[in-house]
$ cat structure_38.tsv   # TSV, C-alpha atoms and all ligand atoms
chain	number	residue	atom	x	y	z
A	1	MET	CA	72.26	19.64	-45.43
A	2	ASN	CA	71.18	16.48	-43.67
A	3	LYS	CA	70.92	16.17	-39.87
A	4	VAL	CA	72.50	13.03	-38.37
A	5	ILE	CA	72.86	11.84	-34.75
A	6	LEU	CA	76.19	10.30	-33.77
A	7	LEU	CA	77.22	8.37	-30.68
A	8	ASP	CA	79.68	10.80	-29.13
A	9	LYS	CA	80.48	9.02	-25.84
A	10	ARG	CA	79.81	5.57	-24.45
A	11	PRO	CA	77.16	6.11	-21.74
A	12	VAL	CA	78.09	5.32	-18.16
A	13	GLY	CA	74.95	4.38	-16.23
A	14	ILE	CA	71.76	5.92	-17.58
A	15	PRO	CA	72.46	7.47	-21.01
A	16	ALA	CA	72.61	11.29	-21.16
A	17	LEU	CA	71.90	13.73	-23.98
A	18	THR	CA	75.60	14.61	-23.95
A	19	ASP	CA	76.42	11.06	-25.12
A	20	PHE	CA	74.95	12.03	-28.51
A	21	LYS	CA	76.04	14.63	-31.03
A	22	PHE	CA	74.00	16.26	-33.79
A	23	THR	CA	75.88	16.95	-36.99
A	24	ASN	CA	75.11	18.10	-40.53
A	25	GLU	CA	76.42	16.25	-43.53
A	26	GLU	CA	76.04	16.67	-47.23
A	27	LEU	CA	74.31	13.84	-49.07
A	28	PRO	CA	76.30	12.37	-51.97
A	29	VAL	CA	74.73	12.21	-55.44
A	30	LEU	CA	72.52	9.11	-55.91
A	31	LYS	CA	74.21	6.32	-57.91
A	32	VAL	CA	72.68	3.54	-60.00
A	33	GLY	CA	71.24	0.84	-57.70
A	34	GLU	CA	70.62	3.27	-54.83
A	35	VAL	CA	67.56	4.87	-53.23
A	36	LEU	CA	67.19	8.15	-51.35
A	37	LEU	CA	65.25	7.68	-48.13
A	38	LYS	CA	63.41	10.20	-45.98
A	39	THR	CA	62.99	9.09	-42.38
A	40	VAL	CA	59.36	9.01	-41.27
A	41	TYR	CA	59.28	7.03	-37.97
A	42	VAL	CA	62.17	5.99	-35.71
A	43	SER	CA	62.02	3.15	-33.21
A	44	VAL	CA	63.95	3.63	-29.98
A	45	ASP	CA	64.64	0.37	-28.16
A	46	PRO	CA	66.27	-0.76	-24.92
A	47	TYR	CA	68.65	-3.11	-26.78
A	48	LEU	CA	70.37	-0.08	-28.33
A	49	ARG	CA	71.87	0.51	-24.88
A	50	GLY	CA	73.80	-2.75	-25.27
A	51	ARG	CA	75.15	-1.62	-28.64
A	52	MET	CA	76.49	1.55	-26.99
A	53	LYS	CA	78.85	-0.59	-24.87
A	54	ASP	CA	82.12	-1.68	-26.40
A	55	THR	CA	81.49	-5.35	-25.69
A	56	LYS	CA	80.92	-8.43	-27.80
A	57	SER	CA	77.26	-9.30	-28.27
A	58	TYR	CA	74.92	-10.70	-30.88
A	59	VAL	CA	75.18	-7.41	-32.80
A	60	PRO	CA	78.38	-5.35	-33.14
A	61	PRO	CA	78.73	-2.26	-30.93
A	62	PHE	CA	78.13	1.22	-32.34
A	63	GLN	CA	81.37	3.02	-33.11
A	64	LEU	CA	82.09	6.38	-31.49
A	65	GLY	CA	81.64	9.27	-33.92
A	66	GLN	CA	79.35	7.15	-36.12
A	67	PRO	CA	75.56	7.39	-36.51
A	68	VAL	CA	73.33	5.44	-34.16
A	69	GLN	CA	71.07	2.99	-36.01
A	70	SER	CA	67.68	1.49	-35.22
A	71	GLY	CA	64.48	0.30	-36.86
A	72	ILE	CA	63.21	3.05	-39.14
A	73	ILE	CA	60.28	3.54	-41.51
A	74	ALA	CA	61.34	5.64	-44.48
A	75	GLU	CA	59.78	6.97	-47.64
A	76	ILE	CA	61.59	6.48	-50.93
A	77	ILE	CA	61.89	9.95	-52.37
A	78	ASP	CA	64.19	9.07	-55.25
A	79	SER	CA	65.20	5.75	-56.75
A	80	LEU	CA	67.82	4.44	-59.15
A	81	ASN	CA	67.07	0.88	-58.00
A	82	ASP	CA	64.60	-1.18	-60.06
A	83	ASN	CA	63.22	-2.89	-56.94
A	84	PHE	CA	61.97	0.32	-55.30
A	85	LYS	CA	59.74	3.11	-56.59
A	86	LYS	CA	59.46	6.72	-55.48
A	87	GLY	CA	56.61	7.05	-52.97
A	88	GLU	CA	56.97	3.55	-51.53
A	89	TYR	CA	57.64	3.00	-47.84
A	90	VAL	CA	60.24	0.64	-46.37
A	91	VAL	CA	61.39	-0.57	-42.97
A	92	GLY	CA	64.99	-1.39	-42.12
A	93	SER	CA	67.80	-0.92	-39.67
A	94	LEU	CA	68.88	2.59	-40.66
A	95	LYS	CA	70.86	5.55	-39.39
A	96	TRP	CA	69.41	8.24	-37.14
A	97	ALA	CA	69.44	10.70	-40.05
A	98	GLU	CA	66.74	12.81	-41.67
A	99	TYR	CA	67.75	11.50	-45.10
A	100	GLN	CA	70.04	8.68	-46.19
A	101	ILE	CA	71.08	6.71	-49.21
A	102	SER	CA	70.76	2.91	-49.34
A	103	ASN	CA	71.56	0.23	-51.89
A	104	GLY	CA	68.28	-1.44	-50.90
A	105	LYS	CA	69.84	-4.34	-48.98
A	106	GLY	CA	67.93	-5.09	-45.77
A	107	LEU	CA	64.98	-2.89	-46.74
A	108	THR	CA	61.48	-4.41	-46.64
A	109	LYS	CA	58.53	-2.70	-48.25
A	110	VAL	CA	55.57	-1.90	-46.00
A	111	ASP	CA	52.01	-1.19	-47.06
A	112	PRO	CA	50.64	2.08	-45.60
A	113	ASP	CA	47.10	1.02	-46.54
A	114	ALA	CA	47.22	-2.30	-44.65
A	115	ALA	CA	48.10	-0.77	-41.26
A	116	SER	CA	49.38	2.50	-39.80
A	117	LEU	CA	53.05	2.94	-40.79
A	118	SER	CA	54.21	3.04	-37.17
A	119	ALA	CA	52.68	-0.42	-36.60
A	120	TYR	CA	55.54	-1.90	-38.64
A	121	LEU	CA	57.92	-0.83	-35.85
A	122	GLY	CA	55.55	-2.11	-33.18
A	123	VAL	CA	52.97	-4.84	-33.24
A	124	LEU	CA	53.65	-5.74	-36.91
A	125	GLY	CA	57.42	-5.44	-36.52
A	126	MET	CA	60.17	-6.79	-34.27
A	127	THR	CA	58.14	-5.92	-31.16
A	128	GLY	CA	55.16	-8.06	-32.16
A	129	LEU	CA	57.34	-10.90	-33.44
A	130	THR	CA	59.36	-10.92	-30.21
A	131	ALA	CA	56.18	-11.07	-28.18
A	132	TYR	CA	54.45	-13.73	-30.28
A	133	LEU	CA	57.31	-16.05	-31.18
A	134	GLY	CA	59.16	-15.75	-27.86
A	135	PHE	CA	55.98	-16.42	-25.89
A	136	ARG	CA	54.67	-19.20	-28.12
A	137	ASN	CA	57.93	-21.04	-28.80
A	138	LEU	CA	59.47	-20.88	-25.34
A	139	GLY	CA	56.50	-20.17	-23.06
A	140	LEU	CA	54.55	-23.10	-24.61
A	141	PRO	CA	51.27	-21.66	-23.31
A	142	LYS	CA	48.21	-23.77	-22.55
A	143	ALA	CA	44.73	-22.39	-21.88
A	144	GLY	CA	44.08	-21.88	-18.19
A	145	GLU	CA	47.72	-21.37	-17.24
A	146	THR	CA	48.90	-18.36	-15.25
A	147	VAL	CA	51.26	-16.06	-17.11
A	148	VAL	CA	53.24	-13.26	-15.47
A	149	VAL	CA	54.71	-10.54	-17.68
A	150	SER	CA	57.26	-8.00	-16.46
A	151	GLY	CA	57.59	-4.72	-18.31
A	152	ALA	CA	53.95	-5.46	-19.02
A	153	ALA	CA	53.03	-1.98	-20.21
A	154	GLY	CA	56.08	-1.64	-22.47
A	155	ALA	CA	56.22	-2.44	-26.17
A	156	VAL	CA	56.80	-6.21	-26.06
A	157	GLY	CA	55.08	-6.83	-22.71
A	158	ASN	CA	51.87	-5.16	-23.79
A	159	VAL	CA	51.60	-7.49	-26.80
A	160	VAL	CA	52.59	-10.63	-24.83
A	161	GLY	CA	49.76	-10.04	-22.36
A	162	GLN	CA	47.21	-9.61	-25.12
A	163	ILE	CA	48.40	-12.76	-26.91
A	164	ALA	CA	48.32	-14.72	-23.66
A	165	LYS	CA	44.68	-13.69	-23.24
A	166	ILE	CA	43.90	-14.78	-26.84
A	167	MET	CA	45.42	-18.17	-25.91
A	168	GLY	CA	43.13	-18.50	-22.92
A	169	CYS	CA	45.65	-17.84	-20.16
A	170	ARG	CA	45.21	-15.91	-16.94
A	171	VAL	CA	47.55	-12.90	-17.18
A	172	VAL	CA	49.25	-10.85	-14.47
A	173	GLY	CA	51.41	-7.85	-15.38
A	174	LEU	CA	54.04	-5.84	-13.53
A	175	ALA	CA	54.57	-2.20	-14.46
A	176	GLY	CA	55.83	1.02	-12.93
A	177	SER	CA	52.87	3.39	-12.48
A	178	ASP	CA	49.24	3.31	-11.32
A	179	GLU	CA	48.12	4.69	-14.70
A	180	LYS	CA	49.83	1.79	-16.47
A	181	ILE	CA	48.30	-0.72	-14.03
A	182	GLU	CA	44.84	0.66	-14.68
A	183	SER	CA	45.38	0.61	-18.42
A	184	LEU	CA	46.67	-3.00	-18.40
A	185	LYS	CA	43.46	-4.11	-16.76
A	186	SER	CA	40.91	-1.87	-18.48
A	187	ARG	CA	42.34	-1.63	-22.04
A	188	PHE	CA	44.49	-4.72	-22.48
A	189	GLY	CA	42.58	-7.42	-20.62
A	190	TYR	CA	45.13	-8.25	-17.92
A	191	ASP	CA	43.45	-10.12	-15.05
A	192	GLU	CA	45.69	-8.57	-12.41
A	193	ALA	CA	48.42	-5.95	-12.46
A	194	ILE	CA	50.99	-4.90	-9.85
A	195	ASN	CA	52.87	-1.61	-9.54
A	196	TYR	CA	56.37	-2.88	-8.77
A	197	LYS	CA	57.46	0.58	-7.64
A	198	THR	CA	54.89	1.00	-4.87
A	199	SER	CA	54.30	-2.58	-3.77
A	200	ALA	CA	55.56	-2.99	-0.18
A	201	ASN	CA	56.39	-6.67	-0.63
A	202	LEU	CA	56.60	-7.67	-4.27
A	203	GLU	CA	57.00	-11.39	-3.61
A	204	ASP	CA	53.76	-11.40	-1.59
A	205	ALA	CA	52.02	-9.24	-4.19
A	206	VAL	CA	52.87	-11.81	-6.90
A	207	LYS	CA	51.75	-14.62	-4.57
A	208	ASN	CA	48.39	-12.90	-3.98
A	209	ALA	CA	47.91	-12.31	-7.70
A	210	CYS	CA	48.92	-15.91	-8.53
A	211	PRO	CA	47.60	-18.06	-5.66
A	212	ASP	CA	48.27	-21.28	-7.60
A	213	GLY	CA	51.73	-20.18	-8.71
A	214	VAL	CA	53.22	-19.02	-12.00
A	215	ASP	CA	53.22	-21.33	-15.04
A	216	ILE	CA	54.94	-18.95	-17.45
A	217	TYR	CA	57.07	-15.93	-16.64
A	218	PHE	CA	57.80	-13.70	-19.67
A	219	ASP	CA	60.56	-11.43	-18.42
A	220	ASN	CA	61.48	-8.10	-19.96
A	221	VAL	CA	63.16	-6.44	-16.99
A	222	GLY	CA	65.12	-8.86	-14.73
A	223	GLY	CA	66.46	-7.69	-11.34
A	224	ASN	CA	64.26	-7.34	-8.26
A	225	VAL	CA	61.06	-7.86	-10.21
A	226	SER	CA	62.29	-11.25	-11.37
A	227	ASP	CA	63.42	-12.21	-7.86
A	228	ALA	CA	59.81	-11.75	-6.71
A	229	VAL	CA	58.29	-13.70	-9.60
A	230	LEU	CA	60.79	-16.56	-9.49
A	231	ALA	CA	59.90	-17.10	-5.82
A	232	ASN	CA	56.42	-18.06	-7.05
A	233	ILE	CA	57.08	-20.43	-9.96
A	234	LYS	CA	55.24	-23.73	-10.28
A	235	TYR	CA	56.25	-27.28	-11.17
A	236	LYS	CA	57.17	-27.49	-14.89
A	237	SER	CA	57.03	-23.71	-15.27
A	238	ARG	CA	58.69	-21.97	-18.21
A	239	ILE	CA	60.71	-18.79	-17.69
A	240	VAL	CA	61.26	-16.86	-20.90
A	241	ILE	CA	64.07	-14.30	-20.67
A	242	CYS	CA	63.32	-11.73	-23.34
A	243	GLY	CA	65.22	-8.81	-21.81
A	244	ALA	CA	66.64	-7.32	-18.63
A	245	ILE	CA	66.22	-3.55	-18.93
A	246	SER	CA	66.64	-3.03	-15.17
A	247	LEU	CA	70.25	-4.20	-15.53
A	248	TYR	CA	71.30	-2.48	-18.77
A	249	ASN	CA	72.70	0.62	-17.06
A	250	ASP	CA	74.46	-1.22	-14.23
A	251	THR	CA	78.14	-0.48	-13.90
A	252	GLU	CA	78.73	-3.46	-11.56
A	253	PRO	CA	77.22	-6.96	-11.79
A	254	ALA	CA	74.04	-7.08	-9.70
A	255	MET	CA	73.75	-9.54	-6.80
A	256	ALA	CA	70.67	-11.73	-6.71
A	257	PRO	CA	69.22	-14.80	-4.98
A	258	ARG	CA	70.49	-18.06	-6.51
A	259	VAL	CA	67.76	-19.59	-8.67
A	260	GLU	CA	69.30	-22.95	-9.54
A	261	GLY	CA	67.67	-24.80	-6.63
A	262	ARG	CA	64.25	-23.38	-7.48
A	263	LEU	CA	64.58	-24.48	-11.09
A	264	VAL	CA	65.54	-28.00	-9.96
A	265	VAL	CA	62.76	-28.54	-7.44
A	266	ASN	CA	60.18	-27.17	-9.88
A	267	SER	CA	61.58	-28.99	-12.95
A	268	ALA	CA	61.41	-25.52	-14.49
A	269	THR	CA	62.99	-24.29	-17.70
A	270	MET	CA	64.65	-20.90	-18.10
A	271	SER	CA	65.40	-19.90	-21.70
A	272	GLY	CA	66.84	-16.74	-23.15
A	273	PHE	CA	66.35	-15.88	-26.82
A	274	ILE	CA	67.18	-13.39	-29.51
A	275	ILE	CA	64.32	-12.84	-31.92
A	276	SER	CA	66.52	-13.66	-34.92
A	277	ASP	CA	66.57	-17.27	-33.56
A	278	PHE	CA	63.08	-17.52	-35.01
A	279	ALA	CA	63.72	-15.79	-38.36
A	280	GLU	CA	62.18	-18.66	-40.33
A	281	GLN	CA	58.88	-18.09	-38.54
A	282	PHE	CA	58.70	-14.33	-39.26
A	283	PRO	CA	56.33	-14.55	-42.27
A	284	GLU	CA	53.89	-16.74	-40.36
A	285	GLY	CA	54.25	-14.53	-37.29
A	286	ILE	CA	53.49	-11.34	-39.22
A	287	GLN	CA	50.49	-13.03	-40.83
A	288	GLN	CA	49.08	-14.05	-37.45
A	289	LEU	CA	49.72	-10.65	-35.85
A	290	THR	CA	48.10	-8.88	-38.84
A	291	THR	CA	45.04	-11.09	-38.51
A	292	TRP	CA	44.71	-10.45	-34.78
A	293	LEU	CA	45.14	-6.71	-35.33
A	294	LYS	CA	42.47	-6.66	-38.07
A	295	GLU	CA	40.10	-8.75	-35.95
A	296	GLY	CA	40.55	-6.30	-33.09
A	297	LYS	CA	41.95	-9.05	-30.83
A	298	ILE	CA	45.14	-7.03	-30.36
A	299	THR	CA	45.02	-3.33	-29.60
A	300	GLN	CA	47.97	-1.33	-30.91
A	301	CYS	CA	49.59	0.72	-28.17
A	302	GLU	CA	52.29	3.30	-28.82
A	303	THR	CA	53.77	6.49	-27.41
A	304	VAL	CA	54.65	8.82	-30.27
A	305	VAL	CA	57.10	11.65	-29.69
A	306	ASP	CA	57.50	14.41	-32.27
A	307	GLY	CA	60.59	15.61	-34.09
A	308	PHE	CA	64.02	14.40	-35.18
A	309	ASP	CA	65.76	16.29	-32.36
A	310	SER	CA	63.72	14.31	-29.79
A	311	ILE	CA	65.23	10.92	-30.71
A	312	PRO	CA	67.98	10.77	-28.03
A	313	GLN	CA	65.60	11.95	-25.27
A	314	ALA	CA	62.94	9.44	-26.33
A	315	PHE	CA	65.58	6.71	-26.06
A	316	ILE	CA	66.68	7.90	-22.60
A	317	ASP	CA	63.04	8.09	-21.47
A	318	LEU	CA	62.67	4.32	-21.96
A	319	PHE	CA	64.72	3.90	-18.80
A	320	ASP	CA	62.34	6.17	-16.91
A	321	GLY	CA	59.14	4.43	-17.96
A	322	LYS	CA	57.85	7.41	-19.96
A	323	ASN	CA	56.35	5.16	-22.64
A	324	GLU	CA	53.25	3.04	-22.72
A	325	GLY	CA	53.50	0.48	-25.52
A	326	LYS	CA	56.01	1.06	-28.31
A	327	MET	CA	58.12	4.23	-28.07
A	328	ILE	CA	58.32	5.84	-31.51
A	329	VAL	CA	59.59	9.16	-32.79
A	330	LYS	CA	57.67	10.75	-35.66
A	331	ILE	CA	59.82	12.90	-37.91
A	401	LIG	N1	65.17	-11.02	-26.96
A	401	LIG	C1	64.91	-10.22	-27.98
A	401	LIG	O1	65.12	-10.54	-29.15
A	401	LIG	C2	64.31	-8.89	-27.68
A	401	LIG	C3	63.65	-8.13	-28.68
A	401	LIG	C4	63.07	-6.91	-28.32
A	401	LIG	C5	63.16	-6.46	-27.00
A	401	LIG	N2	63.85	-7.20	-26.09
A	401	LIG	C6	63.95	-6.80	-24.69
A	401	LIG	O2	62.64	-6.83	-24.17
A	401	LIG	C7	62.50	-5.83	-23.18
A	401	LIG	C8	61.33	-4.93	-23.55
A	401	LIG	O3	61.66	-4.23	-24.74
A	401	LIG	P1	60.63	-3.19	-25.34
A	401	LIG	O4	61.13	-2.81	-26.67
A	401	LIG	O5	59.27	-3.72	-25.16
A	401	LIG	O6	60.85	-1.94	-24.40
A	401	LIG	P2	59.87	-1.33	-23.31
A	401	LIG	O7	59.31	-2.40	-22.43
A	401	LIG	O8	58.92	-0.43	-23.95
A	401	LIG	O9	60.97	-0.59	-22.43
A	401	LIG	C9	60.76	0.48	-21.65
A	401	LIG	C10	60.02	0.13	-20.36
A	401	LIG	O10	60.86	-0.64	-19.48
A	401	LIG	C11	60.48	-0.38	-18.14
A	401	LIG	N3	61.68	-0.16	-17.32
A	401	LIG	C12	62.64	0.76	-17.52
A	401	LIG	N4	63.57	0.67	-16.54
A	401	LIG	C13	63.15	-0.30	-15.70
A	401	LIG	C14	63.66	-0.85	-14.49
A	401	LIG	N5	64.81	-0.41	-13.94
A	401	LIG	N6	62.97	-1.84	-13.88
A	401	LIG	C15	61.82	-2.30	-14.42
A	401	LIG	N7	61.27	-1.81	-15.56
A	401	LIG	C16	61.95	-0.84	-16.20
A	401	LIG	C17	59.64	0.89	-18.16
A	401	LIG	O11	58.32	0.57	-17.79
A	401	LIG	P3	57.80	0.74	-16.25
A	401	LIG	O12	57.04	2.00	-16.21
A	401	LIG	O13	56.97	-0.48	-16.09
A	401	LIG	O14	59.02	0.76	-15.37
A	401	LIG	C18	59.69	1.36	-19.61
A	401	LIG	O15	58.47	1.94	-20.04
A	401	LIG	C19	63.82	-5.11	-23.10
A	401	LIG	O16	64.58	-5.65	-22.05
A	401	LIG	C20	64.46	-5.40	-24.43
A	401	LIG	O17	65.85	-5.33	-24.38
A	401	LIG	C21	64.40	-8.40	-26.40

$ encode --input "structure_38.tsv" --output "structure tokens" --more "lines below"
Ligand SMILES: NC(=O)c1ccc[n+]([C@@H]2O[C@H](COP(=O)([O-])OP(=O)(O)OC[C@H]3O[C@@H](n4cnc5c(N)ncnc54)[C@H](OP(=O)(O)O)[C@@H]3O)[C@@H](O)[C@H]2O)c1
Amino acid sequence: MNKVILLDKRPVGIPALTDFKFTNEELPVLKVGEVLLKTVYVSVDPYLRGRMKDTKSYVPPFQLGQPVQSGIIAEIIDSLNDNFKKGEYVVGSLKWAEYQISNGKGLTKVDPDAASLSAYLGVLGMTGLTAYLGFRNLGLPKAGETVVVSGAAGAVGNVVGQIAKIMGCRVVGLAGSDEKIESLKSRFGYDEAINYKTSANLEDAVKNACPDGVDIYFDNVGGNVSDAVLANIKYKSRIVICGAISLYNDTEPAMAPRVEGRLVVNSATMSGFIISDFAEQFPEGIQQLTTWLKEGKITQCETVVDGFDSIPQAFIDLFDGKNEGKMIVKI
């Protein structure tokens, strides 16, 4: 029998364990052209929250009673597909299941000798590509500029800060605990870091950390944190909207200061993106990230939780800041 996790209810507010259901299913017999996959690492990501809503987006919503899906590293344990051999490892968007059968479409082989397997869900996967291509293509960084990153200790933010340092920028991060703030500065080279949960006046804290203003704001969280950063943008600044995790569980639209006037007077640009916008640049992006990782210019950071049954809780914990770097479940 094969354990699978289904979406049982559409979460209202912060997701709860009761929104998910564990079930057992029998695996069908493998057919010609198919592979049998054993799940090894599961990525849990904030964007999955959006797929749990029954609304139109850039990816279709999960259906109730169907398995949740995310980035997964799997081992091929049986193959009737000429393109894949037993013992190889692949990454793909797969079901939250211990085992599953695939026809091979959408699976990419990964080399366990070139990097740790989990890296292909983090710095050498969508996380790293989002950080690198989003920051480079829309942030248009120049050496000496001041970059502010929200969600700085999370998966994407952690990599953005490190890349900004490689590119010669001054980097300020916002994160939600003193331990994370310390780690941003001591392990990941951030010049300044602010605990947005304990700062009495966040706008002033950003101003103190960026006395000349903010050239690039790479935003992962939105909400109050962004209000404080946007009050400090500079002429010709670039605001890169990668995500807005602070808003994902809202049941009502959040009210916020109007930013249009600030964008006008600063001739600033605000751009959202979905990483698939840059699909053509993925091979080059992976090559660059692999080089930086090998050269030790980027430090891999991940929080690894153990066990298949922990997947839903690991996902929920993203909204409580329990992770530093990429949140991954090891099966
Ligand atoms: N545009 C794209 O293609 C793309 C691709 C990947 C990810 N994203 C987005 O990028 C963002 C980061 O994704 P990720 O995978 O790197 O996840 P992540 O940053 O590791 O997400 C979890 C972190 O978010 C922070 N957080 C949670 N609730 C918050 C709140 N209410 N206010 C402020 N911070 C909060 C927590 O850190 P603290 O301890 O600091 O609160 C937590 O550790 C997400 O918004 C995600 O949706 C976008």

$ residues_near_ligand --input "structure_38.tsv" --ligand "ligand LIG 401 (chain A)" --cutoff "6 Å" --atoms "only C-alpha atoms and all ligand atoms" --output "ChimeraX atom specification"
/A:45-47,127,130,151,153-157,175-177,220-221,242-246,273-275,318-326

$ closest_residue --input "structure_38.tsv" --among "A:Asn81, A:Thr23, A:Gln300, A:Ser118" --to "Ser43 in chain A" --atoms "only C-alpha atoms"
A:Ser118

$ atom_distance --input "structure_38.tsv" --atom1 "CA of Met1 in chain A" --atom2 "CA of Asn83 in chain A"
26.9 Å

$ atom_distance --input "structure_38.tsv" --atom1 "CA of Glu179 in chain A" --atom2 "CA of Gly223 in chain A"
22.4 Å

$ closest_atom_pairs --input "structure_38.tsv" --of "range 236-295 of chain A" --to "range 119-123 of chain A" --cutoff "9 Å" --atoms "only C-alpha atoms" --output "JSON lines"
{"residue": "A:Ile286", "atom": "CA", "partner": "A:Val123", "partner_atom": "CA", "distance": 8.8}
{"residue": "A:Leu289", "atom": "CA", "partner": "A:Val123", "partner_atom": "CA", "distance": 7.2}
{"residue": "A:Thr290", "atom": "CA", "partner": "A:Val123", "partner_atom": "CA", "distance": 8.4}
{"residue": "A:Leu293", "atom": "CA", "partner": "A:Val123", "partner_atom": "CA", "distance": 8.3}

$ build_atoms --input "structure_38.tsv" --residues "range 292-306 of chain A" --atoms "N, CA and C atoms" --output "mmCIF file, in the coordinates of the input"
data_model
loop_
_atom_site.group_PDB
_atom_site.id
_atom_site.type_symbol
_atom_site.label_atom_id
_atom_site.label_comp_id
_atom_site.auth_asym_id
_atom_site.auth_seq_id
_atom_site.Cartn_x
_atom_site.Cartn_y
_atom_site.Cartn_z
ATOM 1 N N TRP A 292 45.221 -10.841 -36.103
ATOM 2 C CA TRP A 292 44.710 -10.450 -34.780
ATOM 3 C C TRP A 292 44.446 -8.941 -34.705
ATOM 4 N N LEU A 293 45.325 -8.167 -35.345
ATOM 5 C CA LEU A 293 45.140 -6.710 -35.330
ATOM 6 C C LEU A 293 43.861 -6.337 -36.076
ATOM 7 N N LYS A 294 43.675 -6.952 -37.253
ATOM 8 C CA LYS A 294 42.470 -6.660 -38.070
ATOM 9 C C LYS A 294 41.214 -7.088 -37.350
ATOM 10 N N GLU A 295 41.286 -8.241 -36.661
ATOM 11 C CA GLU A 295 40.100 -8.750 -35.950
ATOM 12 C C GLU A 295 39.820 -7.973 -34.668
ATOM 13 N N GLY A 296 40.722 -7.069 -34.317
ATOM 14 C CA GLY A 296 40.550 -6.300 -33.090
ATOM 15 C C GLY A 296 40.901 -7.093 -31.840
ATOM 16 N N LYS A 297 41.583 -8.241 -32.012
ATOM 17 C CA LYS A 297 41.950 -9.050 -30.830
ATOM 18 C C LYS A 297 43.202 -8.480 -30.170
ATOM 19 N N ILE A 298 43.991 -7.736 -30.941
ATOM 20 C CA ILE A 298 45.140 -7.030 -30.360
ATOM 21 C C ILE A 298 44.922 -5.533 -30.570
ATOM 22 N N THR A 299 45.113 -4.779 -29.511
ATOM 23 C CA THR A 299 45.020 -3.330 -29.600
ATOM 24 C C THR A 299 46.431 -2.768 -29.698
ATOM 25 N N GLN A 300 46.642 -1.930 -30.722
ATOM 26 C CA GLN A 300 47.970 -1.330 -30.910
ATOM 27 C C GLN A 300 48.175 -0.249 -29.847
ATOM 28 N N CYS A 301 49.323 -0.270 -29.217
ATOM 29 C CA CYS A 301 49.590 0.720 -28.170
ATOM 30 C C CYS A 301 50.950 1.347 -28.442
ATOM 31 N N GLU A 302 50.997 2.662 -28.573
ATOM 32 C CA GLU A 302 52.290 3.300 -28.820
ATOM 33 C C GLU A 302 52.328 4.690 -28.189
ATOM 34 N N THR A 303 53.526 5.123 -27.880
ATOM 35 C CA THR A 303 53.770 6.490 -27.410
ATOM 36 C C THR A 303 54.573 7.157 -28.513
ATOM 37 N N VAL A 304 53.977 8.186 -29.134
ATOM 38 C CA VAL A 304 54.650 8.820 -30.270
ATOM 39 C C VAL A 304 55.151 10.196 -29.853
ATOM 40 N N VAL A 305 56.451 10.391 -30.028
ATOM 41 C CA VAL A 305 57.100 11.650 -29.690
ATOM 42 C C VAL A 305 57.418 12.346 -31.011
ATOM 43 N N ASP A 306 57.322 13.679 -31.009
ATOM 44 C CA ASP A 306 57.500 14.410 -32.270
ATOM 45 C C ASP A 306 58.895 14.975 -32.468
#
